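Okay, input_27.pdb is below, PDB, C-alpha atoms and all ligand atoms:
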MODEL        1
ATOM      1  CA  MET A1262     164.458  76.166 -41.824  1.00  0.00           C
ATOM      2  CA  ASN A1263     168.207  76.296 -41.168  1.00  0.00           C
ATOM      3  CA  VAL A1264     169.597  76.244 -37.642  1.00  0.00           C
ATOM      4  CA  ILE A1265     170.192  79.981 -37.175  1.00  0.00           C
ATOM      5  CA  ASP A1266     166.737  80.746 -38.591  1.00  0.00           C
ATOM      6  CA  ALA A1267     165.171  78.324 -36.105  1.00  0.00           C
ATOM      7  CA  ILE A1268     167.208  79.757 -33.227  1.00  0.00           C
ATOM      8  CA  SER A1269     166.106  83.265 -34.180  1.00  0.00           C
ATOM      9  CA  ALA A1270     162.462  82.273 -34.670  1.00  0.00           C
ATOM     10  CA  ARG A1271     162.148  80.519 -31.296  1.00  0.00           C
ATOM     11  CA  TYR A1272     160.656  82.413 -28.413  1.00  0.00           C
ATOM     12  CA  SER A1273     158.878  81.382 -25.243  1.00  0.00           C
ATOM     13  CA  VAL A1274     155.274  80.785 -26.229  1.00  0.00           C
ATOM     14  CA  ARG A1275     152.907  81.334 -23.319  1.00  0.00           C
ATOM     15  CA  ALA A1276     149.565  81.214 -25.153  1.00  0.00           C
ATOM     16  CA  TYR A1277     148.487  78.081 -27.025  1.00  0.00           C
ATOM     17  CA  ASP A1278     145.538  77.014 -29.100  1.00  0.00           C
ATOM     18  CA  SER A1279     143.914  73.646 -28.558  1.00  0.00           C
ATOM     19  CA  THR A1280     145.116  72.015 -31.798  1.00  0.00           C
ATOM     20  CA  PRO A1281     146.773  68.727 -30.826  1.00  0.00           C
ATOM     21  CA  VAL A1282     150.455  68.217 -31.576  1.00  0.00           C
ATOM     22  CA  PRO A1283     150.646  65.799 -34.528  1.00  0.00           C
ATOM     23  CA  LYS A1284     152.156  62.434 -33.605  1.00  0.00           C
ATOM     24  CA  SER A1285     154.635  62.751 -36.501  1.00  0.00           C
ATOM     25  CA  VAL A1286     156.017  65.988 -35.002  1.00  0.00           C
ATOM     26  CA  LEU A1287     156.187  64.552 -31.491  1.00  0.00           C
ATOM     27  CA  ASP A1288     158.038  61.542 -32.906  1.00  0.00           C
ATOM     28  CA  LYS A1289     160.559  63.852 -34.619  1.00  0.00           C
ATOM     29  CA  MET A1290     161.055  65.761 -31.372  1.00  0.00           C
ATOM     30  CA  LEU A1291     161.695  62.551 -29.468  1.00  0.00           C
ATOM     31  CA  LEU A1292     164.101  61.349 -32.148  1.00  0.00           C
ATOM     32  CA  SER A1293     166.025  64.612 -31.854  1.00  0.00           C
ATOM     33  CA  ALA A1294     166.213  64.147 -28.085  1.00  0.00           C
ATOM     34  CA  ARG A1295     167.399  60.590 -28.493  1.00  0.00           C
ATOM     35  CA  LEU A1296     170.209  61.735 -30.808  1.00  0.00           C
ATOM     36  CA  ALA A1297     171.517  64.329 -28.334  1.00  0.00           C
ATOM     37  CA  PRO A1298     175.064  64.036 -27.025  1.00  0.00           C
ATOM     38  CA  SER A1299     175.580  62.971 -23.411  1.00  0.00           C
ATOM     39  CA  ALA A1300     178.610  62.516 -21.173  1.00  0.00           C
ATOM     40  CA  MET A1301     180.033  59.011 -21.749  1.00  0.00           C
ATOM     41  CA  ASN A1302     176.995  58.437 -23.977  1.00  0.00           C
ATOM     42  CA  TYR A1303     175.096  57.412 -20.836  1.00  0.00           C
ATOM     43  CA  GLN A1304     171.855  58.897 -22.169  1.00  0.00           C
ATOM     44  CA  PRO A1305     170.585  59.422 -18.608  1.00  0.00           C
ATOM     45  CA  TRP A1306     167.203  60.730 -19.673  1.00  0.00           C
ATOM     46  CA  HIS A1307     163.562  59.855 -19.623  1.00  0.00           C
ATOM     47  CA  PHE A1308     160.776  61.977 -21.070  1.00  0.00           C
ATOM     48  CA  ILE A1309     157.182  61.823 -19.899  1.00  0.00           C
ATOM     49  CA  ILE A1310     154.688  63.113 -22.462  1.00  0.00           C
ATOM     50  CA  VAL A1311     151.757  64.534 -20.547  1.00  0.00           C
ATOM     51  CA  THR A1312     148.580  65.130 -22.530  1.00  0.00           C
ATOM     52  CA  ASP A1313     146.100  64.314 -19.754  1.00  0.00           C
ATOM     53  CA  ASN A1314     144.021  67.410 -19.067  1.00  0.00           C
ATOM     54  CA  ASP A1315     143.713  66.968 -15.282  1.00  0.00           C
ATOM     55  CA  LYS A1316     147.446  66.486 -14.921  1.00  0.00           C
ATOM     56  CA  ARG A1317     148.244  69.578 -16.973  1.00  0.00           C
ATOM     57  CA  VAL A1318     145.784  71.612 -14.949  1.00  0.00           C
ATOM     58  CA  LYS A1319     147.513  70.482 -11.733  1.00  0.00           C
ATOM     59  CA  MET A1320     150.927  71.443 -13.127  1.00  0.00           C
ATOM     60  CA  SER A1321     149.555  74.821 -14.197  1.00  0.00           C
ATOM     61  CA  LYS A1322     148.937  75.809 -10.578  1.00  0.00           C
ATOM     62  CA  ALA A1323     152.648  76.623 -10.169  1.00  0.00           C
ATOM     63  CA  ARG A1324     153.672  80.260 -10.397  1.00  0.00           C
ATOM     64  CA  TYR A1325     154.614  81.310 -13.959  1.00  0.00           C
ATOM     65  CA  ALA A1326     153.141  78.100 -15.370  1.00  0.00           C
ATOM     66  CA  GLY A1327     149.451  78.959 -15.749  1.00  0.00           C
ATOM     67  CA  PHE A1328     149.529  78.342 -19.505  1.00  0.00           C
ATOM     68  CA  LEU A1329     150.331  74.639 -19.015  1.00  0.00           C
ATOM     69  CA  LYS A1330     146.616  73.988 -18.844  1.00  0.00           C
ATOM     70  CA  GLU A1331     146.183  75.153 -22.441  1.00  0.00           C
ATOM     71  CA  ALA A1332     149.367  73.708 -23.946  1.00  0.00           C
ATOM     72  CA  PRO A1333     148.236  70.375 -25.444  1.00  0.00           C
ATOM     73  CA  VAL A1334     151.493  68.645 -24.498  1.00  0.00           C
ATOM     74  CA  VAL A1335     153.801  69.047 -21.531  1.00  0.00           C
ATOM     75  CA  ILE A1336     157.074  67.132 -21.623  1.00  0.00           C
ATOM     76  CA  VAL A1337     158.678  66.327 -18.292  1.00  0.00           C
ATOM     77  CA  GLY A1338     162.442  65.859 -18.622  1.00  0.00           C
ATOM     78  CA  CYS A1339     163.876  63.477 -16.027  1.00  0.00           C
ATOM     79  CA  GLY A1340     167.551  62.759 -15.329  1.00  0.00           C
ATOM     80  CA  ASP A1341     169.085  59.602 -13.913  1.00  0.00           C
ATOM     81  CA  THR A1342     170.963  60.769 -10.810  1.00  0.00           C
ATOM     82  CA  LYS A1343     172.573  57.358 -10.206  1.00  0.00           C
ATOM     83  CA  ARG A1344     173.835  56.733 -13.717  1.00  0.00           C
ATOM     84  CA  ALA A1345     175.085  60.290 -14.263  1.00  0.00           C
ATOM     85  CA  PRO A1346     175.350  62.088 -10.917  1.00  0.00           C
ATOM     86  CA  LYS A1347     177.444  64.928 -12.353  1.00  0.00           C
ATOM     87  CA  TRP A1348     176.026  65.444 -15.837  1.00  0.00           C
ATOM     88  CA  HIS A1349     172.380  64.381 -15.852  1.00  0.00           C
ATOM     89  CA  VAL A1350     171.132  67.976 -15.754  1.00  0.00           C
ATOM     90  CA  VAL A1351     173.325  69.008 -18.687  1.00  0.00           C
ATOM     91  CA  ASP A1352     172.485  65.892 -20.689  1.00  0.00           C
ATOM     92  CA  VAL A1353     168.727  66.215 -20.193  1.00  0.00           C
ATOM     93  CA  THR A1354     168.915  69.927 -20.962  1.00  0.00           C
ATOM     94  CA  ILE A1355     170.669  69.337 -24.286  1.00  0.00           C
ATOM     95  CA  ALA A1356     168.073  66.726 -25.241  1.00  0.00           C
ATOM     96  CA  LEU A1357     165.196  69.033 -24.294  1.00  0.00           C
ATOM     97  CA  GLN A1358     166.698  71.890 -26.289  1.00  0.00           C
ATOM     98  CA  ASN A1359     167.004  69.573 -29.322  1.00  0.00           C
ATOM     99  CA  MET A1360     163.266  69.017 -28.936  1.00  0.00           C
ATOM    100  CA  VAL A1361     162.676  72.756 -28.716  1.00  0.00           C
ATOM    101  CA  MET A1362     164.547  73.389 -31.954  1.00  0.00           C
ATOM    102  CA  THR A1363     162.792  70.562 -33.790  1.00  0.00           C
ATOM    103  CA  ALA A1364     159.424  71.842 -32.607  1.00  0.00           C
ATOM    104  CA  THR A1365     160.337  75.344 -33.797  1.00  0.00           C
ATOM    105  CA  ALA A1366     161.352  74.091 -37.229  1.00  0.00           C
ATOM    106  CA  GLU A1367     157.988  72.312 -37.435  1.00  0.00           C
ATOM    107  CA  GLY A1368     156.062  75.512 -36.652  1.00  0.00           C
ATOM    108  CA  LEU A1369     155.266  74.658 -33.053  1.00  0.00           C
ATOM    109  CA  GLY A1370     155.775  76.837 -30.018  1.00  0.00           C
ATOM    110  CA  THR A1371     157.480  75.788 -26.803  1.00  0.00           C
ATOM    111  CA  CYS A1372     158.325  77.195 -23.417  1.00  0.00           C
ATOM    112  CA  TRP A1373     160.804  75.932 -20.891  1.00  0.00           C
ATOM    113  CA  ILE A1374     159.293  75.642 -17.423  1.00  0.00           C
ATOM    114  CA  GLY A1375     161.427  75.683 -14.318  1.00  0.00           C
ATOM    115  CA  SER A1376     158.561  76.666 -12.105  1.00  0.00           C
ATOM    116  CA  PHE A1377     157.033  73.422 -10.889  1.00  0.00           C
ATOM    117  CA  ASP A1378     156.068  71.684  -7.692  1.00  0.00           C
ATOM    118  CA  GLU A1379     158.511  68.804  -7.667  1.00  0.00           C
ATOM    119  CA  LYS A1380     156.625  66.696  -5.120  1.00  0.00           C
ATOM    120  CA  LEU A1381     153.316  67.146  -6.888  1.00  0.00           C
ATOM    121  CA  ILE A1382     154.782  66.077 -10.223  1.00  0.00           C
ATOM    122  CA  ARG A1383     156.773  63.186  -8.750  1.00  0.00           C
ATOM    123  CA  ASP A1384     153.714  61.776  -6.989  1.00  0.00           C
ATOM    124  CA  MET A1385     151.279  62.446  -9.823  1.00  0.00           C
ATOM    125  CA  LEU A1386     153.497  60.931 -12.540  1.00  0.00           C
ATOM    126  CA  LYS A1387     154.956  58.182 -10.314  1.00  0.00           C
ATOM    127  CA  ILE A1388     158.554  59.233 -10.945  1.00  0.00           C
ATOM    128  CA  PRO A1389     161.021  57.101  -8.910  1.00  0.00           C
ATOM    129  CA  GLU A1390     163.316  58.964  -6.454  1.00  0.00           C
ATOM    130  CA  ARG A1391     166.376  58.072  -8.523  1.00  0.00           C
ATOM    131  CA  TRP A1392     165.123  60.331 -11.327  1.00  0.00           C
ATOM    132  CA  ALA A1393     165.521  64.094 -10.941  1.00  0.00           C
ATOM    133  CA  ILE A1394     162.914  66.289 -12.562  1.00  0.00           C
ATOM    134  CA  VAL A1395     165.133  68.632 -14.578  1.00  0.00           C
ATOM    135  CA  ALA A1396     162.599  70.823 -16.385  1.00  0.00           C
ATOM    136  CA  LEU A1397     159.289  70.816 -18.189  1.00  0.00           C
ATOM    137  CA  LEU A1398     158.522  71.915 -21.733  1.00  0.00           C
ATOM    138  CA  ALA A1399     155.186  73.246 -22.895  1.00  0.00           C
ATOM    139  CA  VAL A1400     154.524  72.360 -26.531  1.00  0.00           C
ATOM    140  CA  GLY A1401     151.741  73.378 -28.894  1.00  0.00           C
ATOM    141  CA  TYR A1402     150.676  75.738 -31.629  1.00  0.00           C
ATOM    142  CA  PRO A1403     150.942  79.399 -30.627  1.00  0.00           C
ATOM    143  CA  ARG A1404     147.543  81.011 -30.127  1.00  0.00           C
ATOM    144  CA  LYS A1405     146.818  83.301 -33.052  1.00  0.00           C
ATOM    145  CA  LYS A1406     145.060  86.016 -31.103  1.00  0.00           C
ATOM    146  CA  PHE A1407     147.035  89.000 -29.813  1.00  0.00           C
ATOM    147  CA  ASP A1408     149.664  87.852 -27.326  1.00  0.00           C
ATOM    148  CA  LEU A1409     151.477  90.746 -25.637  1.00  0.00           C
ATOM    149  CA  ALA A1410     153.892  88.486 -23.749  1.00  0.00           C
ATOM    150  CA  GLY A1411     154.763  86.757 -27.022  1.00  0.00           C
ATOM    151  CA  LEU A1412     155.338  90.074 -28.740  1.00  0.00           C
ATOM    152  CA  ILE A1413     157.727  91.172 -26.002  1.00  0.00           C
ATOM    153  CA  ALA A1414     159.471  87.783 -26.045  1.00  0.00           C
ATOM    154  CA  ARG A1415     159.989  88.027 -29.794  1.00  0.00           C
ATOM    155  CA  SER A1416     161.785  91.341 -29.369  1.00  0.00           C
ATOM    156  CA  LYS A1417     164.667  89.286 -27.927  1.00  0.00           C
ATOM    157  CA  SER A1418     166.094  91.355 -25.140  1.00  0.00           C
ATOM    158  CA  ARG A1419     169.654  90.093 -24.765  1.00  0.00           C
ATOM    159  CA  LYS A1420     172.911  91.269 -23.154  1.00  0.00           C
ATOM    160  CA  ASP A1421     175.474  92.961 -25.396  1.00  0.00           C
ATOM    161  CA  MET A1422     177.892  90.587 -27.076  1.00  0.00           C
ATOM    162  CA  SER A1423     180.808  92.484 -25.509  1.00  0.00           C
ATOM    163  CA  SER A1424     179.552  91.664 -22.013  1.00  0.00           C
ATOM    164  CA  ILE A1425     179.240  87.906 -22.630  1.00  0.00           C
ATOM    165  CA  VAL A1426     182.375  87.148 -24.636  1.00  0.00           C
ATOM    166  CA  SER A1427     186.046  87.647 -23.848  1.00  0.00           C
ATOM    167  CA  HIS A1428     189.233  86.520 -25.504  1.00  0.00           C
ATOM    168  CA  ASN A1429     192.021  84.393 -24.062  1.00  0.00           C
ATOM    169  CA  GLU A1430     191.111  85.294 -20.462  1.00  0.00           C
ATOM    170  CA  PHE A1431     188.001  86.356 -18.600  1.00  0.00           C
ATOM    171  CA  GLY A1432     187.423  89.983 -19.563  1.00  0.00           C
ATOM    172  CA  GLY A1433     190.160  89.882 -22.197  1.00  0.00           C
ATOM    173  CA  ALA A1434     189.700  92.164 -25.218  1.00  0.00           C
ATOM    174  CA  LYS A1435     190.020  90.955 -28.798  1.00  0.00           C
TER     175      LYS A1435
HETATM  176  C1  LIG A1501     165.555  76.666 -17.446  1.00  0.00           C
HETATM  177  C2  LIG A1501     164.457  77.628 -17.827  1.00  0.00           C
HETATM  178  C3  LIG A1501     163.351  77.765 -17.027  1.00  0.00           C
HETATM  179  C4  LIG A1501     162.306  78.625 -17.376  1.00  0.00           C
HETATM  180  N1  LIG A1501     161.170  78.649 -16.615  1.00  0.00           N
HETATM  181  C5  LIG A1501     160.107  79.389 -17.029  1.00  0.00           C
HETATM  182  C6  LIG A1501     158.881  79.322 -16.319  1.00  0.00           C
HETATM  183  O1  LIG A1501     158.731  78.625 -15.314  1.00  0.00           O
HETATM  184  N2  LIG A1501     157.824  80.057 -16.779  1.00  0.00           N
HETATM  185  C7  LIG A1501     157.933  80.841 -17.905  1.00  0.00           C
HETATM  186  O2  LIG A1501     156.950  81.473 -18.279  1.00  0.00           O
HETATM  187  N3  LIG A1501     159.099  80.917 -18.602  1.00  0.00           N
HETATM  188  C8  LIG A1501     160.179  80.199 -18.197  1.00  0.00           C
HETATM  189  N4  LIG A1501     161.347  80.210 -18.933  1.00  0.00           N
HETATM  190  C9  LIG A1501     161.444  81.027 -20.157  1.00  0.00           C
HETATM  191  C10 LIG A1501     162.338  82.245 -19.966  1.00  0.00           C
HETATM  192  O3  LIG A1501     161.675  83.205 -19.198  1.00  0.00           O
HETATM  193  C11 LIG A1501     162.702  82.777 -21.377  1.00  0.00           C
HETATM  194  O4  LIG A1501     163.442  81.800 -22.056  1.00  0.00           O
HETATM  195  C12 LIG A1501     163.528  84.070 -21.312  1.00  0.00           C
HETATM  196  O5  LIG A1501     162.780  85.106 -20.748  1.00  0.00           O
HETATM  197  C13 LIG A1501     163.974  84.528 -22.727  1.00  0.00           C
HETATM  198  O6  LIG A1501     162.859  84.694 -23.567  1.00  0.00           O
HETATM  199  P1  LIG A1501     162.677  83.860 -24.900  1.00  0.00           P
HETATM  200  O7  LIG A1501     162.683  82.391 -24.530  1.00  0.00           O
HETATM  201  O8  LIG A1501     161.318  84.259 -25.445  1.00  0.00           O
HETATM  202  O9  LIG A1501     163.780  84.183 -25.832  1.00  0.00           O
HETATM  203  C14 LIG A1501     162.404  79.390 -18.569  1.00  0.00           C
HETATM  204  C15 LIG A1501     163.548  79.261 -19.370  1.00  0.00           C
HETATM  205  C16 LIG A1501     164.550  78.382 -19.025  1.00  0.00           C
HETATM  206  C17 LIG A1501     165.736  78.212 -19.946  1.00  0.00           C
ENDMDL
END
Go through the file and emit its structure as C-alpha cells.
Amino acid sequence: MNVIDAISARYSVRAYDSTPVPKSVLDKMLLSARLAPSAMNYQPWHFIIVTDNDKRVKMSKARYAGFLKEAPVVIVGCGDTKRAPKWHVVDVTIALQNMVMTATAEGLGTCWIGSFDEKLIRDMLKIPERWAIVALLAVGYPRKKFDLAGLIARSKSRKDMSSIVSHNEFGGAK
C-alpha cells in the first residue's frame, strides 16, 4: 500500500474484534515510531503497550472511549516534559501517527483517543510525573459486523481545500 492509499484508507475504528494483534505487526509499528523525526533528535517518547483486560476496561470508562475494552491493544504515548518541554507533544504525536499508518498498511484499525482520565492512567500504569500522557491509540482488527460509526467515518467529512490553504499570506489567493 503506498502512502496516499494508506492515508485514504485510514479511518477511526471504534469497533474491534477479539483477534490479537500479531507481534510482528506490533514490532513494525514500534519500529516506525522509533524512526520518527523529533526536535533535536531528542526522541522524548515512551510507549506503553496495554493488553491487560482489566486495565483496558478501566480506560474504557472515559467518555468517547468505551471501545477500548474490546480493542486488543491500547498504546499509551508518553512525552518527556523535562527533556523536551516545548516539543514533546509534537514529537510523540508524529511517532504515534507513524504507528497509525503502519497499522493501516498492515490491515489493522486504529483510533486516536484524547478522552482519558489522566490520573487514573498515571496511577494504574505507574507513569512518573515527568512524563506527560499525550494520547492513547486503540489498535486491532476492525469488527466485521455492520458498524455505522465506521461507515460515517469512512465518508471522510473534511473542510474544503480552499478554506484550509492560502498562498503567500494568510487568506491569500493563488
Ligand atoms: C488527538 C485526537 C484525539 C481524539 N480523541 C478521540 C476520542 O477520545 N474518542 C474517539 O472516539 N475518537 C477520537 N478521535 C478521533 C476523531 O474523532 C477522528 O479522527 C475525526 O472525527 C476524523 O475521523 P477519521 O479519523 O475517521 O477520519 C481523536 C482524534 C485525534 C487526532
Counting all atoms listed in the file, the residue of A:Arg1295, A:Lys1380, A:His1349, A:Lys1284 that sits nearest Lys1319 of chain A
A:Lys1380
Tell me, counting all atoms listed in the file, for each residue of chain A within 12 Å of ligand LIG 1501 (chain A), which pair of atoms is nearest and how far apart they are in Å to one decimal, in rows ordered by chain and increasing number, as CSV.
residue,atom,partner,partner_atom,distance
A:Ala1267,CA,A:LIG1501,O9,11.9
A:Ile1268,CA,A:LIG1501,O9,9.3
A:Ser1269,CA,A:LIG1501,O9,8.7
A:Ala1270,CA,A:LIG1501,O9,9.1
A:Arg1271,CA,A:LIG1501,O9,6.8
A:Tyr1272,CA,A:LIG1501,O8,3.6
A:Ser1273,CA,A:LIG1501,O8,3.8
A:Val1274,CA,A:LIG1501,O8,7.0
A:Arg1275,CA,A:LIG1501,O2,6.5
A:Ala1276,CA,A:LIG1501,O2,10.1
A:Met1320,CA,A:LIG1501,O1,10.8
A:Ser1321,CA,A:LIG1501,O1,10.0
A:Lys1322,CA,A:LIG1501,O1,11.2
A:Ala1323,CA,A:LIG1501,O1,8.2
A:Arg1324,CA,A:LIG1501,O1,7.2
A:Tyr1325,CA,A:LIG1501,N2,4.5
A:Ala1326,CA,A:LIG1501,N2,5.3
A:Gly1327,CA,A:LIG1501,O2,8.3
A:Phe1328,CA,A:LIG1501,O2,8.1
A:Leu1329,CA,A:LIG1501,N2,9.5
A:Gly1338,CA,A:LIG1501,C1,11.3
A:Val1350,CA,A:LIG1501,C1,10.5
A:Val1351,CA,A:LIG1501,C1,11.0
A:Val1353,CA,A:LIG1501,C1,11.3
A:Thr1354,CA,A:LIG1501,C1,8.3
A:Ile1355,CA,A:LIG1501,C17,11.0
A:Leu1357,CA,A:LIG1501,C17,10.2
A:Gln1358,CA,A:LIG1501,C17,9.0
A:Val1361,CA,A:LIG1501,O7,10.5
A:Met1362,CA,A:LIG1501,O7,11.8
A:Thr1365,CA,A:LIG1501,O7,11.9
A:Gly1370,CA,A:LIG1501,O8,10.3
A:Thr1371,CA,A:LIG1501,O7,8.7
A:Cys1372,CA,A:LIG1501,C9,5.9
A:Trp1373,CA,A:LIG1501,C14,4.5
A:Ile1374,CA,A:LIG1501,N1,3.6
A:Gly1375,CA,A:LIG1501,N1,3.8
A:Ser1376,CA,A:LIG1501,O1,3.8
A:Phe1377,CA,A:LIG1501,O1,7.0
A:Asp1378,CA,A:LIG1501,O1,10.6
A:Ile1394,CA,A:LIG1501,C1,11.8
A:Val1395,CA,A:LIG1501,C1,8.5
A:Ala1396,CA,A:LIG1501,C1,6.6
A:Leu1397,CA,A:LIG1501,C3,8.1
A:Leu1398,CA,A:LIG1501,C4,8.9
A:Ala1399,CA,A:LIG1501,C7,9.5
A:Leu1409,CA,A:LIG1501,O8,11.8
A:Ala1410,CA,A:LIG1501,O8,8.7
A:Gly1411,CA,A:LIG1501,O8,7.2
A:Leu1412,CA,A:LIG1501,O8,9.0
A:Ile1413,CA,A:LIG1501,O8,7.8
A:Ala1414,CA,A:LIG1501,O8,4.0
A:Arg1415,CA,A:LIG1501,O8,5.9
A:Ser1416,CA,A:LIG1501,O8,8.1
A:Lys1417,CA,A:LIG1501,O9,5.6
A:Ser1418,CA,A:LIG1501,C13,7.5
A:Arg1419,CA,A:LIG1501,C13,8.2
A:Lys1420,CA,A:LIG1501,C13,11.2
Return the single residue from A:Asp1341, A:Asp1266, A:Asp1421, A:Glu1379 that is closest to Phe1308 of chain A, with distances computed using only C-alpha atoms.
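For Phe1308 of chain A, the nearest of the candidates is A:Asp1341.
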Coordinates of box centre and edge lengths for segment 1265-1276 of chain A, 3 Å on every side, axis-aligned, as AutoDock Vina command-line options:
--center_x 159.9 --center_y 80.8 --center_z -31.0 --size_x 26.6 --size_y 10.9 --size_z 21.3
List the residues selected by the PyMOL selection byres (((chain A and resi 1293) around 12) and not hetatm) in the file shown, writing them as a PyMOL selection string.
chain A and resi 1286-1292+1294-1298+1355-1364+1366
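Of note, atom CA of Ile1309 of chain A and atom CA of Ile1265 of chain A are spaced 28.2 Å apart.
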Using all atoms listed in the file for the distances, tell me which of A:Glu1367, A:Glu1331, A:Arg1317, A:Thr1342 is nearest to Ser1285 of chain A.
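That would be A:Glu1367, the residue with the smallest distance to Ser1285 of chain A.
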